[in-house]
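Structure file entry.cif with mmCIF, C-alpha atoms and all ligand atoms:
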```
data_target
#
loop_
_atom_site.label_atom_id
_atom_site.label_comp_id
_atom_site.auth_asym_id
_atom_site.auth_seq_id
_atom_site.Cartn_x
_atom_site.Cartn_y
_atom_site.Cartn_z
CA MET A 49 0.00 0.00 0.00
CA ILE A 50 0.99 3.64 -0.46
CA LEU A 51 0.27 6.48 1.93
CA SER A 52 -0.37 9.81 0.14
CA ILE A 53 -0.50 13.33 1.55
CA GLU A 54 -1.99 16.48 -0.01
CA SER A 55 -1.59 20.01 1.40
CA SER A 56 -1.04 22.25 -1.65
CA CYS A 57 -3.78 24.73 -0.73
CA ASP A 58 -6.64 24.61 1.79
CA ASP A 59 -7.42 20.89 2.03
CA SER A 60 -5.55 18.59 4.41
CA ALA A 61 -5.91 15.08 3.05
CA ILE A 62 -4.35 11.64 3.45
CA ALA A 63 -5.13 8.44 1.56
CA VAL A 64 -3.99 4.84 1.51
CA THR A 65 -4.10 3.07 -1.86
CA GLU A 66 -3.46 -0.61 -2.60
CA ILE A 67 -0.75 -0.96 -5.25
CA ALA A 68 -1.90 -4.20 -6.88
CA THR A 69 -5.56 -3.22 -7.31
CA ASN A 70 -5.67 0.63 -7.19
CA ARG A 71 -8.20 0.17 -4.39
CA LEU A 72 -8.66 3.19 -2.14
CA VAL A 73 -8.39 1.69 1.31
CA PHE A 74 -8.56 4.93 3.31
CA HIS A 75 -9.23 8.56 2.48
CA LYS A 76 -9.86 11.49 4.75
CA LYS A 77 -9.93 15.18 3.97
CA ILE A 78 -10.34 18.11 6.31
CA SER A 79 -11.28 21.23 4.38
CA GLN A 80 -10.49 24.71 5.67
CA GLU A 81 -13.20 26.46 3.65
CA ILE A 82 -15.05 27.81 6.71
CA GLU A 83 -11.89 29.27 8.25
CA HIS A 84 -10.93 31.09 5.03
CA SER A 85 -14.46 32.11 4.07
CA VAL A 86 -14.46 35.24 6.26
CA TYR A 87 -11.42 36.52 4.31
CA GLY A 88 -12.95 35.79 0.88
CA GLY A 89 -9.89 33.72 -0.10
CA VAL A 90 -7.14 31.47 1.23
CA VAL A 91 -4.78 33.07 3.78
CA PRO A 92 -1.54 31.06 3.32
CA GLU A 93 -0.18 31.33 6.89
CA LEU A 94 -3.53 30.38 8.39
CA ALA A 95 -3.75 27.46 5.96
CA ALA A 96 -0.27 26.25 6.98
CA ARG A 97 -1.18 26.32 10.68
CA LEU A 98 -4.41 24.41 10.05
CA HIS A 99 -2.51 21.75 8.04
CA ALA A 100 -0.04 21.38 10.91
CA GLU A 101 -2.97 20.58 13.19
CA ALA A 102 -5.04 18.44 10.82
CA LEU A 103 -2.48 16.24 9.04
CA PRO A 104 -1.06 14.47 12.14
CA LYS A 105 -4.63 13.81 13.33
CA ILE A 106 -5.52 12.11 10.04
CA LEU A 107 -2.22 10.23 10.01
CA GLU A 108 -3.02 8.68 13.41
CA GLN A 109 -6.07 7.04 11.83
CA CYS A 110 -3.81 5.34 9.26
CA GLU A 111 -1.80 3.47 11.88
CA PRO A 112 -3.46 0.09 11.15
CA TYR A 113 -1.90 0.25 7.65
CA PHE A 114 1.63 1.29 8.67
CA LYS A 115 3.07 -2.24 8.46
CA GLU A 116 1.86 -2.66 4.88
CA LEU A 117 3.15 0.64 3.50
CA LYS A 118 5.71 0.35 0.70
CA ALA A 119 6.09 4.11 0.04
CA VAL A 120 4.90 7.54 1.10
CA ALA A 121 3.78 10.01 -1.56
CA VAL A 122 3.30 13.73 -1.19
CA THR A 123 2.28 16.70 -3.33
CA ALA A 124 5.51 18.67 -3.80
CA SER A 125 4.43 21.21 -6.45
CA PRO A 126 2.74 23.39 -7.56
CA GLY A 127 0.88 25.06 -4.71
CA LEU A 128 1.41 27.46 -1.82
CA ALA A 129 4.99 27.03 -0.58
CA VAL A 130 4.07 27.44 3.09
CA THR A 131 1.34 24.79 2.91
CA LEU A 132 3.22 22.32 0.67
CA ILE A 133 6.03 22.25 3.24
CA GLU A 134 3.63 20.94 5.91
CA GLY A 135 2.79 17.86 3.85
CA VAL A 136 6.38 17.35 2.69
CA THR A 137 7.76 17.55 6.24
CA LEU A 138 5.24 14.98 7.43
CA ALA A 139 6.01 12.71 4.47
CA LYS A 140 9.74 12.88 5.24
CA ALA A 141 9.05 11.98 8.87
CA VAL A 142 6.94 8.98 7.79
CA SER A 143 9.64 7.95 5.32
CA ILE A 144 12.31 7.94 8.05
CA ALA A 145 10.14 6.37 10.76
CA LEU A 146 8.89 3.50 8.59
CA ASP A 147 12.00 3.27 6.40
CA ILE A 148 10.06 3.51 3.14
CA PRO A 149 10.86 5.57 0.01
CA LEU A 150 9.40 8.93 -0.88
CA ILE A 151 7.44 9.75 -4.04
CA ALA A 152 7.10 13.46 -4.95
CA VAL A 153 3.90 14.02 -6.89
CA ASN A 154 2.98 16.91 -9.16
CA HIS A 155 -0.44 18.26 -8.12
CA LEU A 156 -1.62 18.82 -11.71
CA ILE A 157 -0.85 15.22 -12.66
CA GLY A 158 -2.79 14.37 -9.50
CA HIS A 159 -5.85 16.13 -10.92
CA ILE A 160 -5.50 14.16 -14.17
CA TYR A 161 -5.34 10.92 -12.18
CA SER A 162 -8.51 11.88 -10.26
CA LEU A 163 -10.15 10.31 -13.34
CA PHE A 164 -8.55 6.96 -12.55
CA ILE A 165 -9.17 6.49 -8.81
CA GLU A 166 -9.89 2.76 -8.35
CA LYS A 167 -9.64 2.42 -12.15
CA GLU A 168 -7.17 1.70 -14.93
CA THR A 169 -5.71 4.66 -16.83
CA LEU A 170 -6.93 5.64 -20.30
CA PHE A 171 -4.53 7.40 -22.69
CA PRO A 172 -4.12 9.30 -24.98
CA LEU A 173 -6.31 11.95 -23.46
CA THR A 174 -6.92 15.64 -24.04
CA VAL A 175 -7.46 17.27 -20.65
CA LEU A 176 -8.96 20.60 -19.64
CA LEU A 177 -7.78 21.43 -16.12
CA VAL A 178 -9.88 24.11 -14.42
CA SER A 179 -8.97 24.77 -10.80
CA GLY A 180 -8.30 27.64 -8.44
CA GLY A 181 -4.68 27.83 -9.54
CA HIS A 182 -4.76 26.70 -13.17
CA THR A 183 -6.64 26.81 -16.45
CA GLN A 184 -4.91 24.73 -19.04
CA VAL A 185 -5.32 22.25 -21.86
CA MET A 186 -2.95 19.29 -21.90
CA GLU A 187 -2.26 16.41 -24.24
CA VAL A 188 -1.54 13.38 -22.08
CA LYS A 189 0.06 10.34 -23.69
CA SER A 190 1.26 8.73 -20.47
CA LEU A 191 2.34 9.55 -16.94
CA SER A 192 5.54 11.14 -18.20
CA GLU A 193 4.46 12.47 -21.60
CA ILE A 194 2.30 15.50 -20.89
CA THR A 195 2.30 18.59 -23.11
CA THR A 196 0.55 21.82 -22.19
CA VAL A 197 -1.02 23.32 -25.31
CA ALA A 198 -2.85 26.31 -23.79
CA LYS A 199 -2.88 28.06 -20.44
CA SER A 200 -4.13 31.19 -18.73
CA MET A 201 -2.15 34.37 -19.08
CA ASP A 202 -3.53 35.74 -15.81
CA ASP A 203 -6.32 34.59 -13.46
CA SER A 204 -7.60 31.04 -13.57
CA PHE A 205 -11.18 29.98 -14.28
CA GLY A 206 -11.85 28.95 -10.65
CA GLU A 207 -10.10 32.03 -9.27
CA SER A 208 -12.38 34.29 -11.32
CA PHE A 209 -15.40 32.60 -9.70
CA ASP A 210 -13.81 33.17 -6.28
CA LYS A 211 -13.21 36.84 -7.03
CA VAL A 212 -16.70 37.46 -8.44
CA ALA A 213 -18.17 35.74 -5.38
CA LYS A 214 -16.08 37.99 -3.15
CA MET A 215 -17.47 41.08 -4.94
CA MET A 216 -20.98 39.80 -4.14
CA ARG A 217 -19.98 38.83 -0.58
CA LEU A 218 -20.83 35.18 -1.16
CA GLY A 219 -17.87 33.76 0.79
CA TYR A 220 -15.14 31.30 -0.28
CA PRO A 221 -14.92 29.16 -2.35
CA GLY A 222 -16.90 31.14 -4.86
CA GLY A 223 -17.46 28.47 -7.52
CA PRO A 224 -20.32 26.56 -5.92
CA ALA A 225 -21.96 29.80 -4.67
CA ILE A 226 -21.86 31.44 -8.12
CA GLU A 227 -23.12 28.27 -9.81
CA LYS A 228 -26.08 28.10 -7.40
CA LEU A 229 -26.97 31.77 -7.86
CA ALA A 230 -26.53 31.57 -11.64
CA LYS A 231 -29.19 28.83 -11.90
CA GLU A 232 -31.88 31.41 -11.08
CA GLY A 233 -30.45 34.13 -13.34
CA ASP A 234 -30.72 35.35 -16.91
CA ARG A 235 -27.54 34.37 -18.80
CA LYS A 236 -28.17 36.92 -21.56
CA ARG A 237 -28.89 40.02 -19.47
CA TYR A 238 -25.30 41.22 -19.17
CA ASN A 239 -23.43 41.23 -22.43
CA PHE A 240 -19.87 40.70 -21.16
CA THR A 241 -17.21 40.38 -23.85
CA VAL A 242 -15.76 36.94 -24.47
CA PRO A 243 -12.01 37.22 -23.66
CA LEU A 244 -9.45 36.93 -26.51
CA LEU A 245 -12.25 36.43 -29.04
CA ARG A 246 -10.41 37.99 -31.95
CA THR A 247 -6.90 36.81 -31.18
CA PRO A 248 -5.70 33.57 -32.80
CA GLN A 249 -3.69 32.78 -29.67
CA LEU A 250 -4.43 29.51 -27.90
CA ALA A 251 -4.54 30.96 -24.41
CA PHE A 252 -6.99 31.98 -21.71
CA SER A 253 -7.51 35.21 -19.81
CA TYR A 254 -9.95 35.99 -17.01
CA SER A 255 -8.77 39.30 -15.57
CA GLY A 256 -10.65 41.45 -18.13
CA LEU A 257 -13.90 39.58 -17.59
CA LYS A 258 -13.42 39.86 -13.82
CA ASN A 259 -13.05 43.63 -14.11
CA ALA A 260 -16.11 43.93 -16.38
CA VAL A 261 -18.09 42.02 -13.75
CA ARG A 262 -16.73 44.29 -11.03
CA LEU A 263 -18.08 47.35 -12.87
CA ALA A 264 -21.46 45.66 -13.32
CA VAL A 265 -21.61 44.74 -9.62
CA GLU A 266 -20.75 48.30 -8.59
CA LYS A 267 -23.58 49.69 -10.71
CA SER A 268 -26.16 47.13 -9.58
CA GLU A 269 -28.36 46.18 -6.66
CA PRO A 270 -28.14 42.79 -4.91
CA GLN A 271 -31.31 41.64 -6.72
CA ASP A 272 -29.35 41.86 -10.01
CA TYR A 273 -26.55 39.58 -8.77
CA LYS A 274 -28.19 36.39 -10.00
CA ASP A 275 -28.27 37.75 -13.55
CA ILE A 276 -24.66 38.94 -13.26
CA ALA A 277 -23.61 35.52 -11.92
CA ALA A 278 -25.47 33.74 -14.76
CA SER A 279 -24.04 36.02 -17.47
CA PHE A 280 -20.54 35.71 -16.00
CA GLU A 281 -20.71 31.89 -15.82
CA HIS A 282 -21.99 31.83 -19.41
CA ILE A 283 -19.15 33.99 -20.80
CA ALA A 284 -16.45 32.36 -18.63
CA SER A 285 -17.48 28.97 -20.08
CA LYS A 286 -17.94 30.34 -23.61
CA HIS A 287 -14.32 31.50 -23.55
CA LEU A 288 -13.15 27.93 -22.84
CA ILE A 289 -15.49 26.51 -25.51
CA HIS A 290 -14.33 29.04 -28.10
CA LYS A 291 -10.64 28.26 -27.61
CA LEU A 292 -11.20 24.51 -27.46
CA LYS A 293 -13.17 24.65 -30.71
CA LYS A 294 -10.27 26.41 -32.32
CA TYR A 295 -7.81 23.82 -31.02
CA PHE A 296 -10.03 20.95 -32.18
CA GLN A 297 -9.89 22.24 -35.79
CA THR A 298 -6.39 20.82 -36.06
CA ASN A 299 -6.48 18.36 -33.14
CA PRO A 300 -9.87 16.63 -33.02
CA PRO A 301 -10.36 14.97 -29.63
CA LYS A 302 -10.79 11.22 -29.14
CA ASN A 303 -10.90 11.04 -25.37
CA PHE A 304 -11.53 14.31 -23.57
CA ALA A 305 -11.57 15.02 -19.83
CA ILE A 306 -12.33 17.97 -17.56
CA VAL A 307 -10.56 17.88 -14.18
CA GLY A 308 -9.90 20.21 -11.23
CA GLY A 309 -12.14 21.83 -8.65
CA ALA A 310 -14.15 23.81 -11.21
CA SER A 311 -14.86 20.69 -13.29
CA ALA A 312 -17.67 20.15 -10.78
CA ASN A 313 -19.53 23.00 -12.51
CA LEU A 314 -22.55 21.41 -14.17
CA TYR A 315 -23.15 24.27 -16.62
CA LEU A 316 -19.57 23.91 -17.92
CA ARG A 317 -19.95 20.13 -18.10
CA GLY A 318 -23.10 20.54 -20.22
CA GLU A 319 -21.46 23.03 -22.59
CA ILE A 320 -18.43 20.76 -23.06
CA GLN A 321 -20.70 17.80 -23.72
CA GLU A 322 -22.38 19.79 -26.53
CA LEU A 323 -19.00 20.80 -27.93
CA LEU A 324 -17.81 17.19 -28.10
CA LYS A 325 -20.92 15.82 -29.86
CA PRO A 326 -19.80 16.36 -33.48
CA TYR A 327 -16.49 14.60 -32.76
CA GLY A 328 -18.05 11.55 -31.13
CA ALA A 329 -15.38 11.97 -28.45
CA LYS A 330 -15.65 10.21 -25.11
CA LEU A 331 -15.99 12.57 -22.12
CA LEU A 332 -14.26 11.49 -18.91
CA LEU A 333 -15.13 13.15 -15.61
CA SER A 334 -13.95 12.60 -12.06
CA GLU A 335 -16.47 11.72 -9.40
CA LEU A 336 -17.73 14.99 -7.89
CA GLN A 337 -16.03 14.24 -4.53
CA TYR A 338 -12.64 13.95 -6.31
CA CYS A 339 -12.84 17.10 -8.50
CA SER A 340 -11.49 19.33 -5.74
CA ASP A 341 -8.15 18.72 -4.02
CA ASN A 342 -7.81 15.32 -2.37
CA ALA A 343 -5.19 12.73 -1.48
CA ALA A 344 -6.83 9.83 -3.34
CA MET A 345 -5.70 11.30 -6.68
CA ILE A 346 -2.15 11.75 -5.34
CA GLY A 347 -2.17 8.12 -4.21
CA ARG A 348 -3.37 6.97 -7.64
CA VAL A 349 -0.48 8.77 -9.41
CA ALA A 350 1.90 7.37 -6.80
CA VAL A 351 0.85 3.79 -7.62
CA ASP A 352 1.96 4.29 -11.24
CA MET A 353 5.13 6.12 -10.14
CA TYR A 354 5.94 3.29 -7.71
CA LYS A 355 5.63 0.72 -10.49
CA LYS A 356 8.09 2.77 -12.55
CA ASN A 357 10.51 3.22 -9.62
CA MET A 358 10.02 6.98 -9.68
CA PHE A 359 11.24 7.68 -6.15
CA THR A 360 12.80 10.89 -4.88
CA SER A 361 15.56 11.16 -2.34
CA MET A 362 15.01 13.09 0.87
CA GLU A 363 17.30 15.94 -0.30
CA GLU A 364 15.69 16.18 -3.71
CA VAL A 365 12.15 16.69 -2.47
CA GLN A 366 11.65 20.40 -2.59
CA VAL A 367 8.44 22.33 -2.51
CA ALA A 368 7.89 24.44 -5.61
CA PRO A 369 5.06 26.96 -5.90
CA ARG A 370 5.21 26.74 -9.70
CA VAL A 371 6.34 24.17 -12.21
CA LYS A 372 8.46 25.13 -15.18
O1 LIG B 401 -8.76 21.90 -7.64
P1 LIG B 401 -9.14 22.78 -6.52
O2 LIG B 401 -9.84 22.17 -5.34
O3 LIG B 401 -7.90 23.54 -5.97
C1 LIG B 401 -6.84 23.98 -6.77
O4 LIG B 401 -5.97 23.13 -7.13
O5 LIG B 401 -6.84 25.18 -7.10
O6 LIG B 401 -10.05 23.94 -7.15
C2 LIG B 401 -10.64 24.91 -6.36
C3 LIG B 401 -11.32 25.93 -7.27
C4 LIG B 401 -11.84 27.16 -6.55
O7 LIG B 401 -11.43 28.30 -7.25
C5 LIG B 401 -13.34 26.98 -6.59
O8 LIG B 401 -14.08 28.19 -6.57
C6 LIG B 401 -13.51 26.26 -7.91
O9 LIG B 401 -12.44 25.34 -7.94
N1 LIG B 401 -14.81 25.57 -7.98
C7 LIG B 401 -15.76 25.88 -8.88
C8 LIG B 401 -16.86 25.04 -8.57
N2 LIG B 401 -16.52 24.24 -7.51
C9 LIG B 401 -15.25 24.60 -7.17
N3 LIG B 401 -15.78 26.78 -9.87
C10 LIG B 401 -16.90 26.85 -10.61
N4 LIG B 401 -18.01 26.10 -10.37
C11 LIG B 401 -18.03 25.18 -9.38
N5 LIG B 401 -19.11 24.44 -9.15
ZN ZN B 402 -5.99 21.36 -7.14
#
```

Would you write out, as structure tokens, the structure that this file holds?
Ligand code: KG4
Ligand code: ZN
Amino acid sequence: MILSIESSCDDSAIAVTEIATNRLVFHKKISQEIEHSVYGGVVPELAARLHAEALPKILEQCEPYFKELKAVAVTASPGLAVTLIEGVTLAKAVSIALDIPLIAVNHLIGHIYSLFIEKETLFPLTVLLVSGGHTQVMEVKSLSEITTVAKSMDDSFGESFDKVAKMMRLGYPGGPAIEKLAKEGDRKRYNFTVPLLRTPQLAFSYSGLKNAVRLAVEKSEPQDYKDIAASFEHIASKHLIHKLKKYFQTNPPKNFAIVGGASANLYLRGEIQELLKPYGAKLLLSELQYCSDNAAMIGRVAVDMYKKNMFTSMEEVQVAPRVK
């Protein structure tokens, strides 16, 4: 079995995965959403302190599996440096105490593998990752052959939901709150401009849309918020659809997946489903509980890394806020 630890942002999570079967034997996550909600976003130092409290508590519950552990995996990048270090320090301690090797996992690959929890992998795959930290399209041929073909130049898709929610005082995380409010609203009432509509560039941008929404919020009354939320969600998704359509002209998808916290958004899922219809492409989605950050996805990557002997020495494991 492999023990896996995730602490890249505001979720403290630990999982135990069986190597031979991919079976998820144990998974527990303690989310810090309530603690950060009053600030309208994640406060890194507060998050680090909460991880330091939560992770050892979850680890205690894994004691029955200690004897069967063959490796300990941990998210090492990308994420918040001060929170990553909490997970990495704990993983190093476990590695020394149980004399088992370390596996340093990339969080984004973790999100891709959220599709394969308790399952076999399916490649090649075109993946849209939409989370709080990233918006990118990747071509995935295998665990170690991943090419990023488009990414955001500024804010991410999920982050823009968080910021719009903050403007409307809806708390953190903003995604679920905006999605709920948008369901009652008129998607056509506010005519926000689709970002990068006339540029050929395969890239995403959400800061302009965010500012357009800010102006609309400032000029409106709270009863208009549902229409602003609906129009914003519509244009934010349309931007992704528009760029994907462009990409598909030369790279038609066979297997397509949406992963990351914001892949839980049902409006986006519906729009992507429509987009894929003419291609007859298969749409892969993670279970809703594994869209947001979790340790089960880190454990699933670690199983494949373990089989390929992809271990990292104690000195080599370094937290990295960004990946090159
Ligand atoms: O993957 P994740 O848990 O953490 C990162 O790796 O960033 O993603 C969290 C992000 C937040 O920005 C949150 O607002 C967004 O995912 N999110 C959503 C929805 N649920 C979560 N965005 C839009 N619609 C949702 N239903
Ligand atoms: Zn994430």

Would you pick out the contacts of Tyr113 in chain A at 12 Å or less, using only C-alpha atoms, so that residues sharing its chain but fewer than 4 positions from it are not included, and give the list as a PyMOL selection string?
chain A and resi 49-51+63-66+73-74+107-109+117-120+146

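Counting from CA of Gly328 in chain A, the distance to CA of Pro172 in chain A is 15.4 Å.
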
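Minimum distance to Met353 in chain A across A:Ala152, A:Leu138, A:Leu103, A:Ile194 (counting only C-alpha atoms) occurs at A:Ala152.
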
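Counting from CA of Gln337 in chain A, the distance to CA of Gly309 in chain A is 9.5 Å.
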
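With distances taken over only C-alpha atoms and all ligand atoms, A:Tyr338 is the one residue among A:Tyr315, A:Tyr295, A:Phe304, A:Tyr338 lying closest to ligand ZN 402 (chain B).
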
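Rounded to one decimal, CA of Arg71 in chain A and CA of Glu166 in chain A lie 5.0 Å from each other.
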
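Restricting the calculation to all atoms listed in the file, the smallest distance between ligand LIG 401 (chain B) and any of A:Glu269, A:Asp234, A:Asp210, A:Glu335 is found for A:Asp210.
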
Return as a Markdown table the residues of chain A lying at most 8 Å from ligand ZN 402 (chain B), together with the closest atom-to-atom pair for each and the distance in Å to one decimal, counting all atoms listed in the file, with rows in chain order and ascending residue number.
```
| residue | atom | partner | partner_atom | distance |
| --- | --- | --- | --- | --- |
| A:Ser56 | CA | B:ZN402 | ZN | 7.4 |
| A:Cys57 | CA | B:ZN402 | ZN | 7.6 |
| A:His155 | CA | B:ZN402 | ZN | 6.4 |
| A:Leu156 | CA | B:ZN402 | ZN | 6.8 |
| A:His159 | CA | B:ZN402 | ZN | 6.5 |
| A:Ser179 | CA | B:ZN402 | ZN | 5.8 |
| A:Gly180 | CA | B:ZN402 | ZN | 6.8 |
| A:Gly181 | CA | B:ZN402 | ZN | 7.0 |
| A:Gly308 | CA | B:ZN402 | ZN | 5.8 |
| A:Gly309 | CA | B:ZN402 | ZN | 6.4 |
| A:Ser340 | CA | B:ZN402 | ZN | 6.0 |
| A:Asp341 | CA | B:ZN402 | ZN | 4.6 |
| A:Asn342 | CA | B:ZN402 | ZN | 7.9 |
```

Fewer than 4 positions away in the same chain doesn't count, so skip those; otherwise give me all residues within 8 Å of Leu229 in chain A, counting all atoms listed in the file, as a ChimeraX atom specification.
/A:225,233,273-274,277-278

Among listed residues A:Leu323, A:Leu316, A:Leu191, A:Ala251, nearest Gly158 in chain A (using all atoms listed in the file):
A:Leu191

Between A:Ser208, A:Ser60, A:Gln271, A:Gln249, which one has atoms that come closest to ligand LIG 401 (chain B), using all atoms listed in the file?
A:Ser208

Give the answer as one residue: which of A:Glu322, A:Glu187, A:Glu134, A:Glu83 has the shortest atom-to-atom distance to Glu101 in chain A, using only C-alpha atoms?
A:Glu134

Give as number ranges by chain each residue that has an atom at most 12 Å from (-3.7, 16.0, -3.2) in the file, counting all atoms listed in the file.
A: 51-63, 75-79, 121-127, 131-132, 135-136, 152-162, 308-309, 338-350

Based on the selection just made, write C-alpha atoms of those residues as a PDB file, in the coordinates of the input.
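What follows is the written file result.pdb:
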```
ATOM      1  CA  LEU A  51       0.270   6.480   1.930  1.00  0.00           C
ATOM      2  CA  SER A  52      -0.370   9.810   0.140  1.00  0.00           C
ATOM      3  CA  ILE A  53      -0.500  13.330   1.550  1.00  0.00           C
ATOM      4  CA  GLU A  54      -1.990  16.480  -0.010  1.00  0.00           C
ATOM      5  CA  SER A  55      -1.590  20.010   1.400  1.00  0.00           C
ATOM      6  CA  SER A  56      -1.040  22.250  -1.650  1.00  0.00           C
ATOM      7  CA  CYS A  57      -3.780  24.730  -0.730  1.00  0.00           C
ATOM      8  CA  ASP A  58      -6.640  24.610   1.790  1.00  0.00           C
ATOM      9  CA  ASP A  59      -7.420  20.890   2.030  1.00  0.00           C
ATOM     10  CA  SER A  60      -5.550  18.590   4.410  1.00  0.00           C
ATOM     11  CA  ALA A  61      -5.910  15.080   3.050  1.00  0.00           C
ATOM     12  CA  ILE A  62      -4.350  11.640   3.450  1.00  0.00           C
ATOM     13  CA  ALA A  63      -5.130   8.440   1.560  1.00  0.00           C
ATOM     14  CA  HIS A  75      -9.230   8.560   2.480  1.00  0.00           C
ATOM     15  CA  LYS A  76      -9.860  11.490   4.750  1.00  0.00           C
ATOM     16  CA  LYS A  77      -9.930  15.180   3.970  1.00  0.00           C
ATOM     17  CA  ILE A  78     -10.340  18.110   6.310  1.00  0.00           C
ATOM     18  CA  SER A  79     -11.280  21.230   4.380  1.00  0.00           C
ATOM     19  CA  ALA A 121       3.780  10.010  -1.560  1.00  0.00           C
ATOM     20  CA  VAL A 122       3.300  13.730  -1.190  1.00  0.00           C
ATOM     21  CA  THR A 123       2.280  16.700  -3.330  1.00  0.00           C
ATOM     22  CA  ALA A 124       5.510  18.670  -3.800  1.00  0.00           C
ATOM     23  CA  SER A 125       4.430  21.210  -6.450  1.00  0.00           C
ATOM     24  CA  PRO A 126       2.740  23.390  -7.560  1.00  0.00           C
ATOM     25  CA  GLY A 127       0.880  25.060  -4.710  1.00  0.00           C
ATOM     26  CA  THR A 131       1.340  24.790   2.910  1.00  0.00           C
ATOM     27  CA  LEU A 132       3.220  22.320   0.670  1.00  0.00           C
ATOM     28  CA  GLY A 135       2.790  17.860   3.850  1.00  0.00           C
ATOM     29  CA  VAL A 136       6.380  17.350   2.690  1.00  0.00           C
ATOM     30  CA  ALA A 152       7.100  13.460  -4.950  1.00  0.00           C
ATOM     31  CA  VAL A 153       3.900  14.020  -6.890  1.00  0.00           C
ATOM     32  CA  ASN A 154       2.980  16.910  -9.160  1.00  0.00           C
ATOM     33  CA  HIS A 155      -0.440  18.260  -8.120  1.00  0.00           C
ATOM     34  CA  LEU A 156      -1.620  18.820 -11.710  1.00  0.00           C
ATOM     35  CA  ILE A 157      -0.850  15.220 -12.660  1.00  0.00           C
ATOM     36  CA  GLY A 158      -2.790  14.370  -9.500  1.00  0.00           C
ATOM     37  CA  HIS A 159      -5.850  16.130 -10.920  1.00  0.00           C
ATOM     38  CA  ILE A 160      -5.500  14.160 -14.170  1.00  0.00           C
ATOM     39  CA  TYR A 161      -5.340  10.920 -12.180  1.00  0.00           C
ATOM     40  CA  SER A 162      -8.510  11.880 -10.260  1.00  0.00           C
ATOM     41  CA  GLY A 308      -9.900  20.210 -11.230  1.00  0.00           C
ATOM     42  CA  GLY A 309     -12.140  21.830  -8.650  1.00  0.00           C
ATOM     43  CA  TYR A 338     -12.640  13.950  -6.310  1.00  0.00           C
ATOM     44  CA  CYS A 339     -12.840  17.100  -8.500  1.00  0.00           C
ATOM     45  CA  SER A 340     -11.490  19.330  -5.740  1.00  0.00           C
ATOM     46  CA  ASP A 341      -8.150  18.720  -4.020  1.00  0.00           C
ATOM     47  CA  ASN A 342      -7.810  15.320  -2.370  1.00  0.00           C
ATOM     48  CA  ALA A 343      -5.190  12.730  -1.480  1.00  0.00           C
ATOM     49  CA  ALA A 344      -6.830   9.830  -3.340  1.00  0.00           C
ATOM     50  CA  MET A 345      -5.700  11.300  -6.680  1.00  0.00           C
ATOM     51  CA  ILE A 346      -2.150  11.750  -5.340  1.00  0.00           C
ATOM     52  CA  GLY A 347      -2.170   8.120  -4.210  1.00  0.00           C
ATOM     53  CA  ARG A 348      -3.370   6.970  -7.640  1.00  0.00           C
ATOM     54  CA  VAL A 349      -0.480   8.770  -9.410  1.00  0.00           C
ATOM     55  CA  ALA A 350       1.900   7.370  -6.800  1.00  0.00           C
TER      56      ALA A 350
END
```

Centre and edge lengths of an axis-aligned box around all listed atoms of ligand LIG 401 (chain B), with 8 Å added on each side, are to be given in Å to one decimal, as JSON.
```
{"center_x": -12.5, "center_y": 25.1, "center_z": -8.0, "size_x": 29.1, "size_y": 22.4, "size_z": 21.3}
```

Which polymer residues, whether protein, DNA or RNA, lie within 12 Å of the coordinate (-11.2, 4.6, -16.0) when you count all atoms listed in the file? List them as a PyMOL selection string, using the chain letters and numbers from the file.
chain A and resi 70+160-171+173+303+305+330-335+348

Completed range 125-134 of chain A (N, CA and C atoms) as a PDB file, in the frame of the given file:
```
ATOM      1  N   SER A 125       4.612  19.996  -5.648  1.00  0.00           N
ATOM      2  CA  SER A 125       4.430  21.210  -6.450  1.00  0.00           C
ATOM      3  C   SER A 125       3.291  20.989  -7.425  1.00  0.00           C
ATOM      4  N   PRO A 126       2.693  21.998  -8.007  1.00  0.00           N
ATOM      5  CA  PRO A 126       2.740  23.390  -7.560  1.00  0.00           C
ATOM      6  C   PRO A 126       1.696  23.617  -6.464  1.00  0.00           C
ATOM      7  N   GLY A 127       1.808  24.740  -5.797  1.00  0.00           N
ATOM      8  CA  GLY A 127       0.880  25.060  -4.710  1.00  0.00           C
ATOM      9  C   GLY A 127       1.460  26.190  -3.880  1.00  0.00           C
ATOM     10  N   LEU A 128       0.884  26.413  -2.710  1.00  0.00           N
ATOM     11  CA  LEU A 128       1.410  27.460  -1.820  1.00  0.00           C
ATOM     12  C   LEU A 128       2.619  26.894  -1.085  1.00  0.00           C
ATOM     13  N   ALA A 129       3.756  27.566  -1.182  1.00  0.00           N
ATOM     14  CA  ALA A 129       4.990  27.030  -0.580  1.00  0.00           C
ATOM     15  C   ALA A 129       4.808  26.721   0.901  1.00  0.00           C
ATOM     16  N   VAL A 130       4.172  27.637   1.631  1.00  0.00           N
ATOM     17  CA  VAL A 130       4.070  27.440   3.090  1.00  0.00           C
ATOM     18  C   VAL A 130       3.143  26.284   3.469  1.00  0.00           C
ATOM     19  N   THR A 131       2.224  25.919   2.584  1.00  0.00           N
ATOM     20  CA  THR A 131       1.340  24.790   2.910  1.00  0.00           C
ATOM     21  C   THR A 131       1.915  23.472   2.386  1.00  0.00           C
ATOM     22  N   LEU A 132       2.580  23.532   1.216  1.00  0.00           N
ATOM     23  CA  LEU A 132       3.220  22.320   0.670  1.00  0.00           C
ATOM     24  C   LEU A 132       4.221  21.766   1.683  1.00  0.00           C
ATOM     25  N   ILE A 133       4.964  22.684   2.322  1.00  0.00           N
ATOM     26  CA  ILE A 133       6.030  22.250   3.240  1.00  0.00           C
ATOM     27  C   ILE A 133       5.471  21.433   4.400  1.00  0.00           C
ATOM     28  N   GLU A 134       4.245  21.709   4.805  1.00  0.00           N
ATOM     29  CA  GLU A 134       3.630  20.940   5.910  1.00  0.00           C
ATOM     30  C   GLU A 134       3.481  19.474   5.517  1.00  0.00           C
TER      31      GLU A 134
END
```
